[in-house]
>>> print(open('coords_19.pdb').read())   # PDB, C-alpha atoms
ATOM      1  CA  MET J   1       0.000   0.000   0.000
ATOM      2  CA  ASN J   2       1.007   3.594  -0.444
ATOM      3  CA  ASP J   3       2.325   5.578   2.483
ATOM      4  CA  PRO J   4       0.118   8.396   3.752
ATOM      5  CA  LEU J   5       0.863  11.790   2.235
ATOM      6  CA  PRO J   6       1.232  14.886   4.396
ATOM      7  CA  ALA J   7      -1.803  17.124   4.627
ATOM      8  CA  GLY J   8      -1.406  19.626   1.837
ATOM      9  CA  PRO J   9      -0.722  19.576  -1.911
ATOM     10  CA  TYR J  10      -0.655  16.212  -3.669
ATOM     11  CA  GLU J  11       2.029  17.463  -6.084
ATOM     12  CA  MET J  12       3.274  20.567  -7.902
ATOM     13  CA  LEU J  13       2.295  21.336 -11.511
ATOM     14  CA  SER J  14       3.870  23.664 -14.062
ATOM     15  CA  LEU J  15       1.743  26.657 -14.986
ATOM     16  CA  GLY J  16       3.222  29.683 -16.693
ATOM     17  CA  GLU J  17       6.614  30.449 -15.248
ATOM     18  CA  ARG J  18       5.999  28.826 -11.902
ATOM     19  CA  LYS J  19       5.010  25.675 -10.068
ATOM     20  CA  VAL J  20       1.520  25.592  -8.560
ATOM     21  CA  PRO J  21       0.166  23.178  -5.923
ATOM     22  CA  LEU J  22      -2.446  20.559  -6.768
ATOM     23  CA  TYR J  23      -4.750  19.599  -3.910
ATOM     24  CA  VAL J  24      -6.787  16.408  -4.317
ATOM     25  CA  ILE J  25      -9.976  16.554  -2.261
ATOM     26  CA  PRO J  26     -11.902  13.247  -2.107
ATOM     27  CA  PHE J  27     -15.601  12.867  -1.346
ATOM     28  CA  ASP J  28     -17.569   9.647  -0.859
ATOM     29  CA  LYS J  29     -20.709   8.758  -2.809
ATOM     30  CA  ASP J  30     -22.909  10.740  -0.406
ATOM     31  CA  GLY J  31     -20.790  13.869  -0.685
ATOM     32  CA  VAL J  32     -19.066  13.448   2.685
ATOM     33  CA  LEU J  33     -15.558  14.912   2.789
ATOM     34  CA  GLN J  34     -12.949  12.167   3.284
ATOM     35  CA  ALA J  35      -9.843  14.283   3.817
ATOM     36  CA  PRO J  36     -10.603  16.917   6.477
ATOM     37  CA  LYS J  37      -6.969  17.756   7.227
ATOM     38  CA  THR J  38      -6.108  18.315   3.575
ATOM     39  CA  ALA J  39      -9.270  20.374   3.100
ATOM     40  CA  GLU J  40      -8.418  22.472   6.151
ATOM     41  CA  ARG J  41      -4.955  23.158   4.731
ATOM     42  CA  LEU J  42      -6.486  24.014   1.348
ATOM     43  CA  VAL J  43      -8.908  26.539   2.869
ATOM     44  CA  ALA J  44      -6.053  28.214   4.738
ATOM     45  CA  ASP J  45      -3.829  28.391   1.652
ATOM     46  CA  ALA J  46      -6.657  29.471  -0.658
ATOM     47  CA  ALA J  47      -7.384  32.461   1.582
ATOM     48  CA  GLY J  48      -4.113  33.993   0.427
ATOM     49  CA  ALA J  49      -4.309  32.888  -3.208
ATOM     50  CA  ASP J  50      -5.170  35.140  -6.143
ATOM     51  CA  THR J  51      -6.468  32.354  -8.400
ATOM     52  CA  VAL J  52      -8.072  29.024  -7.488
ATOM     53  CA  ILE J  53      -8.693  26.564 -10.328
ATOM     54  CA  VAL J  54     -11.171  23.785  -9.497
ATOM     55  CA  ILE J  55     -11.316  20.651 -11.663
ATOM     56  CA  SER J  56     -13.671  17.685 -11.364
ATOM     57  CA  HIS J  57     -13.448  14.504 -13.419
ATOM     58  CA  GLY J  58     -16.397  12.921 -15.219
ATOM     59  CA  TRP J  59     -18.324   9.688 -14.930
ATOM     60  CA  ASN J  60     -16.669   6.246 -14.770
ATOM     61  CA  THR J  61     -13.198   7.508 -13.896
ATOM     62  CA  ASP J  62     -10.895   5.834 -11.380
ATOM     63  CA  PHE J  63      -8.439   7.725  -9.192
ATOM     64  CA  ASN J  64      -5.499   7.407 -11.585
ATOM     65  CA  GLY J  65      -7.675   8.522 -14.467
ATOM     66  CA  ALA J  66      -8.871  11.521 -12.451
ATOM     67  CA  LEU J  67      -5.295  12.450 -11.554
ATOM     68  CA  GLY J  68      -4.313  12.201 -15.228
ATOM     69  CA  PHE J  69      -7.245  14.447 -16.133
ATOM     70  CA  TYR J  70      -6.158  17.104 -13.629
ATOM     71  CA  ARG J  71      -2.613  17.035 -14.977
ATOM     72  CA  ALA J  72      -3.718  17.114 -18.614
ATOM     73  CA  THR J  73      -6.083  20.041 -18.012
ATOM     74  CA  ILE J  74      -3.357  22.141 -16.406
ATOM     75  CA  SER J  75      -0.880  21.075 -19.106
ATOM     76  CA  GLN J  76      -3.266  22.291 -21.810
ATOM     77  CA  LEU J  77      -3.843  25.541 -19.936
ATOM     78  CA  ASN J  78      -0.093  25.938 -19.561
ATOM     79  CA  ALA J  79       0.423  25.476 -23.318
ATOM     80  CA  THR J  80      -2.295  28.028 -24.087
ATOM     81  CA  MET J  81      -0.813  30.554 -21.694
ATOM     82  CA  ARG J  82       2.635  30.123 -23.215
ATOM     83  CA  GLY J  83       1.222  30.520 -26.714
ATOM     84  CA  GLN J  84      -0.567  33.708 -25.700
ATOM     85  CA  GLN J  85       2.325  34.874 -23.517
ATOM     86  CA  ALA J  86      -0.197  35.139 -20.697
ATOM     87  CA  THR J  87       0.429  34.961 -16.982
ATOM     88  CA  LEU J  88      -1.663  34.570 -13.857
ATOM     89  CA  PRO J  89      -1.134  37.275 -11.233
ATOM     90  CA  GLY J  90      -0.010  36.353  -7.733
ATOM     91  CA  THR J  91      -0.371  32.842  -6.378
ATOM     92  CA  THR J  92      -2.435  30.067  -7.948
ATOM     93  CA  ILE J  93      -3.870  26.880  -6.421
ATOM     94  CA  VAL J  94      -5.322  23.937  -8.351
ATOM     95  CA  VAL J  95      -7.986  21.777  -6.680
ATOM     96  CA  GLY J  96      -8.924  18.354  -8.043
ATOM     97  CA  ILE J  97     -12.280  17.070  -6.802
ATOM     98  CA  SER J  98     -12.295  13.251  -6.560
ATOM     99  CA  TRP J  99     -15.560  11.327  -6.286
ATOM    100  CA  PRO J 100     -16.532   7.630  -6.706
ATOM    101  CA  SER J 101     -17.783   7.461 -10.279
ATOM    102  CA  GLU J 102     -16.841   3.932 -11.319
ATOM    103  CA  LEU J 103     -19.360   1.205 -11.929
ATOM    104  CA  LEU J 104     -16.692  -1.353 -11.003
ATOM    105  CA  SER J 105     -13.888   0.310  -9.103
ATOM    106  CA  GLU J 106     -10.488  -1.389  -8.968
ATOM    107  CA  ALA J 107      -8.015   1.477  -8.651
ATOM    108  CA  LYS J 108      -7.378   2.713  -5.124
ATOM    109  CA  ALA J 109      -6.515   6.214  -4.058
ATOM    110  CA  PRO J 110      -3.367   6.623  -1.951
ATOM    111  CA  ALA J 111      -3.776   7.050   1.787
ATOM    112  CA  MET J 112      -3.686  10.839   2.077
ATOM    113  CA  ALA J 113      -3.451  12.709   5.328
ATOM    114  CA  GLY J 114      -6.935  13.572   6.372
ATOM    115  CA  ALA J 115      -8.452  10.647   4.524
ATOM    116  CA  PRO J 116      -9.869   7.776   6.582
ATOM    117  CA  SER J 117      -7.153   5.546   7.962
ATOM    118  CA  ALA J 118      -6.633   2.835  10.535
ATOM    119  CA  GLY J 119      -2.866   2.972  10.667
ATOM    120  CA  ASP J 120       0.086   4.422   8.798
ATOM    121  CA  ASP J 121      -0.585   2.414   5.628
ATOM    122  CA  ALA J 122      -4.366   2.415   5.718
ATOM    123  CA  ASP J 123      -6.306   1.953   2.492
ATOM    124  CA  VAL J 124      -8.749   4.736   1.646
ATOM    125  CA  SER J 125     -10.961   2.498  -0.492
ATOM    126  CA  ALA J 126     -11.293  -0.169   2.200
ATOM    127  CA  LEU J 127     -12.419   2.274   4.871
ATOM    128  CA  THR J 128     -14.732   4.021   2.436
ATOM    129  CA  THR J 129     -16.401   0.656   1.845
ATOM    130  CA  LEU J 130     -16.594   0.123   5.595
ATOM    131  CA  ALA J 131     -18.203   3.521   6.088
ATOM    132  CA  HIS J 132     -20.824   2.978   3.396
ATOM    133  CA  ASP J 133     -21.734  -0.559   4.354
ATOM    134  CA  LEU J 134     -21.833  -0.313   8.132
ATOM    135  CA  ILE J 135     -21.896   3.283   9.342
ATOM    136  CA  ALA J 136     -24.986   5.469   9.420
ATOM    137  CA  PRO J 137     -24.811   8.376   6.924
ATOM    138  CA  ALA J 138     -25.171  10.916   9.724
ATOM    139  CA  ASP J 139     -22.043   9.518  11.418
ATOM    140  CA  ARG J 140     -19.744   9.322   8.368
ATOM    141  CA  ALA J 141     -18.247  12.795   8.608
ATOM    142  CA  ALA J 142     -17.336  12.191  12.262
ATOM    143  CA  PHE J 143     -15.972   8.741  11.352
ATOM    144  CA  TYR J 144     -13.657  10.174   8.689
ATOM    145  CA  GLU J 145     -12.533  12.906  11.092
ATOM    146  CA  LEU J 146     -11.742  10.491  13.938
ATOM    147  CA  ALA J 147     -10.355   7.618  11.878
ATOM    148  CA  GLN J 148      -7.569   9.738  10.385
ATOM    149  CA  GLN J 149      -6.230  11.035  13.702
ATOM    150  CA  ASP J 150      -2.701   9.982  14.669
ATOM    151  CA  SER J 151      -3.980   9.374  18.197
ATOM    152  CA  LEU J 152      -7.246   9.736  20.103
ATOM    153  CA  ASP J 153      -7.915  11.075  23.562
ATOM    154  CA  ASN J 154     -10.488   9.288  25.721
ATOM    155  CA  ASP J 155     -13.444  11.378  24.548
ATOM    156  CA  GLN J 156     -12.502  10.905  20.894
ATOM    157  CA  ALA J 157     -12.021   7.168  21.410
ATOM    158  CA  LEU J 158     -15.465   6.920  23.004
ATOM    159  CA  ALA J 159     -17.006   8.870  20.115
ATOM    160  CA  LEU J 160     -15.405   6.526  17.573
ATOM    161  CA  ALA J 161     -16.465   3.497  19.606
ATOM    162  CA  ARG J 162     -20.086   4.658  19.599
ATOM    163  CA  ILE J 163     -19.961   4.936  15.797
ATOM    164  CA  LEU J 164     -18.357   1.496  15.385
ATOM    165  CA  ALA J 165     -20.430  -0.291  18.029
ATOM    166  CA  PRO J 166     -22.913  -1.677  15.447
ATOM    167  CA  LEU J 167     -20.023  -3.534  13.775
ATOM    168  CA  TYR J 168     -19.357  -5.417  16.990
ATOM    169  CA  ALA J 169     -23.045  -5.979  17.598
ATOM    170  CA  ALA J 170     -23.655  -7.539  14.179
ATOM    171  CA  PRO J 171     -24.344 -11.286  14.630
ATOM    172  CA  ASP J 172     -22.037 -12.260  11.757
ATOM    173  CA  SER J 173     -19.291  -9.762  12.530
ATOM    174  CA  ASP J 174     -15.748 -11.159  12.442
ATOM    175  CA  LEU J 175     -14.902  -8.657  15.164
ATOM    176  CA  GLN J 176     -16.977 -10.651  17.624
ATOM    177  CA  ALA J 177     -14.672 -13.606  17.318
ATOM    178  CA  GLY J 178     -11.503 -11.621  18.114
ATOM    179  CA  ALA J 179      -9.519 -12.753  21.122
ATOM    180  CA  ASP J 180      -9.578  -9.221  22.484
ATOM    181  CA  ALA J 181     -13.318  -8.674  22.077
ATOM    182  CA  PRO J 182     -15.108  -7.683  25.298
ATOM    183  CA  ASP J 183     -16.300 -10.696  27.302
ATOM    184  CA  SER J 184     -19.804 -10.030  28.572
ATOM    185  CA  ALA J 185     -22.809 -12.173  29.361
ATOM    186  CA  GLY J 186     -24.406 -11.226  26.064
ATOM    187  CA  GLY J 187     -21.214 -11.508  24.050
ATOM    188  CA  ALA J 188     -19.490  -8.768  22.064
ATOM    189  CA  GLY J 189     -22.841  -7.704  20.622
ATOM    190  CA  ASP J 190     -23.740  -6.150  23.990
ATOM    191  CA  ALA J 191     -20.503  -4.217  24.303
ATOM    192  CA  ASP J 192     -20.936  -0.503  24.869
ATOM    193  CA  ALA J 193     -18.502   2.213  23.844
ATOM    194  CA  ALA J 194     -16.505   1.998  27.096
ATOM    195  CA  ASP J 195     -16.110  -1.770  26.655
ATOM    196  CA  LEU J 196     -14.823  -1.262  23.116
ATOM    197  CA  VAL J 197     -12.315   1.363  24.161
ATOM    198  CA  ALA J 198     -11.072  -0.933  26.935
ATOM    199  CA  ALA J 199     -10.720  -3.771  24.435
ATOM    200  CA  TRP J 200      -8.781  -1.552  22.012
ATOM    201  CA  ARG J 201      -6.411  -0.522  24.792
ATOM    202  CA  ALA J 202      -5.894  -4.135  25.803
ATOM    203  CA  ALA J 203      -5.183  -5.076  22.185
ATOM    204  CA  GLN J 204      -2.529  -2.374  21.962
TER     205      GLN J 204
END
>>> encode(input="coords_19.pdb", output="structure tokens")
Amino acid sequence: MNDPLPAGPYEMLSLGERKVPLYVIPFDKDGVLQAPKTAERLVADAAGADTVIVISHGWNTDFNGALGFYRATISQLNATMRGQQATLPGTTIVVGISWPSELLSEAKAPAMAGAPSAGDDADVSALTTLAHDLIAPADRAAFYELAQQDSLDNDQALALARILAPLYAAPDSDLQAGADAPDSAGGAGDADAADLVAAWRAAQ
């Protein structure tokens, strides 16, 4: 798997006589932001920018295809500007909006800072699937925010445990069978948030 990228630009692109940052901002199929740290950095940097170029890919495009589209669009703009001897004043930021558009998705986005993760080499696509299949839509934004933290304090851990509790309560959940699952009279399905946090600490 790819290593997580620092919160901030995905890469630098040539535009005019300078290099400009490309931010990739991913959303899930319900429009929930998946990379809050990167988005926060983008908002801060955009406040001081003179030009912000926003690009979104079309239907049935995987992550690599979307990234290629962003690069090609800026490359074409760069060629046009050179041909017209045009320049953009001040600082410029390019934003690529990434959204799940594939009918059958195989390509996986890299684990970017601010995107959902469960460790240093977490897979964005896997946790996106987890969020859609098992987490209530109203809880997804909080899930993405908590899951990408380097560490959680007790209140944050309890909040994440409350969101994930239905996974442990599911009768066919593999998590129930874990050696570190809470041992209660009703089994792991009756575990509350405090039990889950205790089990996570014991597992660590």
>>> residues_around(input="coords_19.pdb", residues="J:Gly8", least_positions_apart="6", cutoff="9 Å", atoms="all atoms listed in the file", output="PDB file with C-alpha atoms, keeping the file's coordinate frame")
ATOM      1  CA  PRO J  21       0.166  23.178  -5.923  1.00  0.00           C
ATOM      2  CA  LEU J  22      -2.446  20.559  -6.768  1.00  0.00           C
ATOM      3  CA  TYR J  23      -4.750  19.599  -3.910  1.00  0.00           C
ATOM      4  CA  VAL J  24      -6.787  16.408  -4.317  1.00  0.00           C
ATOM      5  CA  LYS J  37      -6.969  17.756   7.227  1.00  0.00           C
ATOM      6  CA  THR J  38      -6.108  18.315   3.575  1.00  0.00           C
ATOM      7  CA  ALA J  39      -9.270  20.374   3.100  1.00  0.00           C
ATOM      8  CA  GLU J  40      -8.418  22.472   6.151  1.00  0.00           C
ATOM      9  CA  ARG J  41      -4.955  23.158   4.731  1.00  0.00           C
ATOM     10  CA  LEU J  42      -6.486  24.014   1.348  1.00  0.00           C
ATOM     11  CA  ALA J 113      -3.451  12.709   5.328  1.00  0.00           C
TER      12      ALA J 113
END
>>> residues_near_point(input="coords_19.pdb", point="(-3.5, 20.2, -15.1)", cutoff="10 Å", atoms="all atoms listed in the file", output="NGL selection string")
:J and (12-15 or 20 or 22 or 53 or 55 or 67-78 or 94-96)
>>> atom_distance(input="coords_19.pdb", atom1="atom CA of J:Asn154", atom2="atom CA of J:Gln34")
22.8 Å
>>> closest_residue(input="coords_19.pdb", among="J:Gln148, J:Thr61, J:Gln156, J:Thr51", to="J:Thr91", atoms="only C-alpha atoms")
J:Thr51
>>> closest_residue(input="coords_19.pdb", among="J:Pro26, J:Val43, J:Leu160, J:Met81", to="J:Ser98", atoms="all atoms listed in the file")
J:Pro26
>>> residues_near_point(input="coords_19.pdb", point="(-12.6, 11.4, 12.1)", cutoff="10 Å", atoms="all atoms listed in the file", output="list in words")
Gln34, Ala35, Pro36, Lys37, Gly114, Ala115, Pro116, Ser117, Asp139, Arg140, Ala141, Ala142, Phe143, Tyr144, Glu145, Leu146, Ala147, Gln148, Gln149, Leu152, Gln156, Ala159 and Leu160 of chain J
>>> atom_distance(input="coords_19.pdb", atom1="atom CA of J:Arg18", atom2="atom CA of J:Trp99")
28.3 Å
>>> atom_distance(input="coords_19.pdb", atom1="atom CA of J:Ala138", atom2="atom CA of J:Leu33")
12.5 Å
>>> axis_aligned_box(input="coords_19.pdb", around="stretch 20-30 of chain J", padding_each_side="4 Å", output="lines of an AutoDock Vina configuration file")
center_x = -10.7
center_y = 17.2
center_z = -4.5
size_x = 32.4
size_y = 24.8
size_z = 16.2
>>> closest_residue(input="coords_19.pdb", among="J:Pro137, J:Gly16, J:Gly83, J:Pro100", to="J:Trp59", atoms="all atoms listed in the file")
J:Pro100
>>> build_atoms(input="coords_19.pdb", residues="stretch 9-20 of chain J", atoms="all heavy atoms", output="JSON list (two decimals), in the frame of the given file")
[["chain", "number", "residue", "atom", "x", "y", "z"],
["J", 9, "PRO", "N", -0.68, 19.88, -0.47],
["J", 9, "PRO", "CA", -0.72, 19.58, -1.91],
["J", 9, "PRO", "C", -0.33, 18.13, -2.22],
["J", 9, "PRO", "O", 0.55, 17.57, -1.58],
["J", 9, "PRO", "CB", 0.29, 20.56, -2.50],
["J", 9, "PRO", "CG", 0.41, 21.64, -1.48],
["J", 9, "PRO", "CD", 0.23, 20.97, -0.15],
["J", 10, "TYR", "N", -1.01, 17.56, -3.22],
["J", 10, "TYR", "CA", -0.66, 16.21, -3.67],
["J", 10, "TYR", "C", 0.64, 16.25, -4.46],
["J", 10, "TYR", "O", 1.49, 15.36, -4.33],
["J", 10, "TYR", "CB", -1.79, 15.66, -4.54],
["J", 10, "TYR", "CG", -1.55, 14.26, -5.04],
["J", 10, "TYR", "CD1", -1.84, 13.17, -4.22],
["J", 10, "TYR", "CD2", -1.04, 14.02, -6.31],
["J", 10, "TYR", "CE1", -1.62, 11.88, -4.66],
["J", 10, "TYR", "CE2", -0.81, 12.74, -6.75],
["J", 10, "TYR", "CZ", -1.10, 11.67, -5.93],
["J", 10, "TYR", "OH", -0.88, 10.39, -6.37],
["J", 11, "GLU", "N", 0.81, 17.29, -5.30],
["J", 11, "GLU", "CA", 2.03, 17.46, -6.08],
["J", 11, "GLU", "C", 2.05, 18.89, -6.62],
["J", 11, "GLU", "O", 1.09, 19.65, -6.44],
["J", 11, "GLU", "CB", 2.09, 16.46, -7.24],
["J", 11, "GLU", "CG", 0.99, 16.63, -8.28],
["J", 11, "GLU", "CD", 1.01, 15.55, -9.34],
["J", 11, "GLU", "OE1", 1.53, 14.46, -9.05],
["J", 11, "GLU", "OE2", 0.52, 15.81, -10.45],
["J", 12, "MET", "N", 3.14, 19.25, -7.29],
["J", 12, "MET", "CA", 3.27, 20.57, -7.90],
["J", 12, "MET", "C", 3.19, 20.42, -9.42],
["J", 12, "MET", "O", 3.76, 19.49, -9.99],
["J", 12, "MET", "CB", 4.59, 21.22, -7.51],
["J", 12, "MET", "CG", 4.81, 21.35, -6.00],
["J", 12, "MET", "SD", 3.59, 22.41, -5.18],
["J", 12, "MET", "CE", 4.11, 24.03, -5.79],
["J", 13, "LEU", "N", 2.47, 21.35, -10.06],
["J", 13, "LEU", "CA", 2.30, 21.34, -11.51],
["J", 13, "LEU", "C", 2.87, 22.60, -12.12],
["J", 13, "LEU", "O", 2.87, 23.67, -11.48],
["J", 13, "LEU", "CB", 0.80, 21.23, -11.87],
["J", 13, "LEU", "CG", 0.04, 20.02, -11.33],
["J", 13, "LEU", "CD1", -1.45, 20.15, -11.68],
["J", 13, "LEU", "CD2", 0.61, 18.73, -11.91],
["J", 14, "SER", "N", 3.33, 22.50, -13.36],
["J", 14, "SER", "CA", 3.87, 23.66, -14.06],
["J", 14, "SER", "C", 2.73, 24.47, -14.67],
["J", 14, "SER", "O", 1.86, 23.91, -15.35],
["J", 14, "SER", "CB", 4.83, 23.23, -15.17],
["J", 14, "SER", "OG", 5.96, 22.58, -14.62],
["J", 15, "LEU", "N", 2.74, 25.77, -14.41],
["J", 15, "LEU", "CA", 1.74, 26.66, -14.99],
["J", 15, "LEU", "C", 2.38, 28.02, -15.16],
["J", 15, "LEU", "O", 2.74, 28.68, -14.19],
["J", 15, "LEU", "CB", 0.51, 26.76, -14.09],
["J", 15, "LEU", "CG", -0.67, 27.57, -14.66],
["J", 15, "LEU", "CD1", -1.16, 26.95, -15.97],
["J", 15, "LEU", "CD2", -1.81, 27.62, -13.66],
["J", 16, "GLY", "N", 2.52, 28.44, -16.43],
["J", 16, "GLY", "CA", 3.22, 29.68, -16.69],
["J", 16, "GLY", "C", 4.69, 29.54, -16.36],
["J", 16, "GLY", "O", 5.34, 28.56, -16.74],
["J", 17, "GLU", "N", 5.19, 30.46, -15.61],
["J", 17, "GLU", "CA", 6.61, 30.45, -15.25],
["J", 17, "GLU", "C", 6.85, 29.92, -13.84],
["J", 17, "GLU", "O", 7.93, 30.08, -13.29],
["J", 17, "GLU", "CB", 7.18, 31.88, -15.36],
["J", 17, "GLU", "CG", 7.07, 32.49, -16.74],
["J", 17, "GLU", "CD", 7.83, 31.68, -17.78],
["J", 17, "GLU", "OE1", 8.92, 31.15, -17.46],
["J", 17, "GLU", "OE2", 7.32, 31.58, -18.92],
["J", 18, "ARG", "N", 5.86, 29.26, -13.29],
["J", 18, "ARG", "CA", 6.00, 28.83, -11.90],
["J", 18, "ARG", "C", 5.40, 27.44, -11.69],
["J", 18, "ARG", "O", 4.76, 26.88, -12.57],
["J", 18, "ARG", "CB", 5.32, 29.84, -10.97],
["J", 18, "ARG", "CG", 3.80, 29.84, -11.10],
["J", 18, "ARG", "CD", 3.16, 30.97, -10.34],
["J", 18, "ARG", "NE", 3.42, 32.25, -10.98],
["J", 18, "ARG", "CZ", 2.95, 33.41, -10.55],
["J", 18, "ARG", "NH1", 2.22, 33.44, -9.45],
["J", 18, "ARG", "NH2", 3.20, 34.52, -11.19],
["J", 19, "LYS", "N", 5.63, 26.92, -10.50],
["J", 19, "LYS", "CA", 5.01, 25.68, -10.07],
["J", 19, "LYS", "C", 3.83, 26.01, -9.16],
["J", 19, "LYS", "O", 3.94, 26.87, -8.28],
["J", 19, "LYS", "CB", 6.01, 24.81, -9.29],
["J", 19, "LYS", "CG", 7.17, 24.29, -10.13],
["J", 19, "LYS", "CD", 6.73, 23.17, -11.05],
["J", 19, "LYS", "CE", 7.92, 22.52, -11.74],
["J", 19, "LYS", "NZ", 7.50, 21.39, -12.61],
["J", 20, "VAL", "N", 2.71, 25.33, -9.38],
["J", 20, "VAL", "CA", 1.52, 25.59, -8.56],
["J", 20, "VAL", "C", 1.10, 24.30, -7.87],
["J", 20, "VAL", "O", 1.27, 23.20, -8.41],
["J", 20, "VAL", "CB", 0.36, 26.15, -9.41],
["J", 20, "VAL", "CG1", 0.76, 27.47, -10.05],
["J", 20, "VAL", "CG2", -0.07, 25.15, -10.48]]
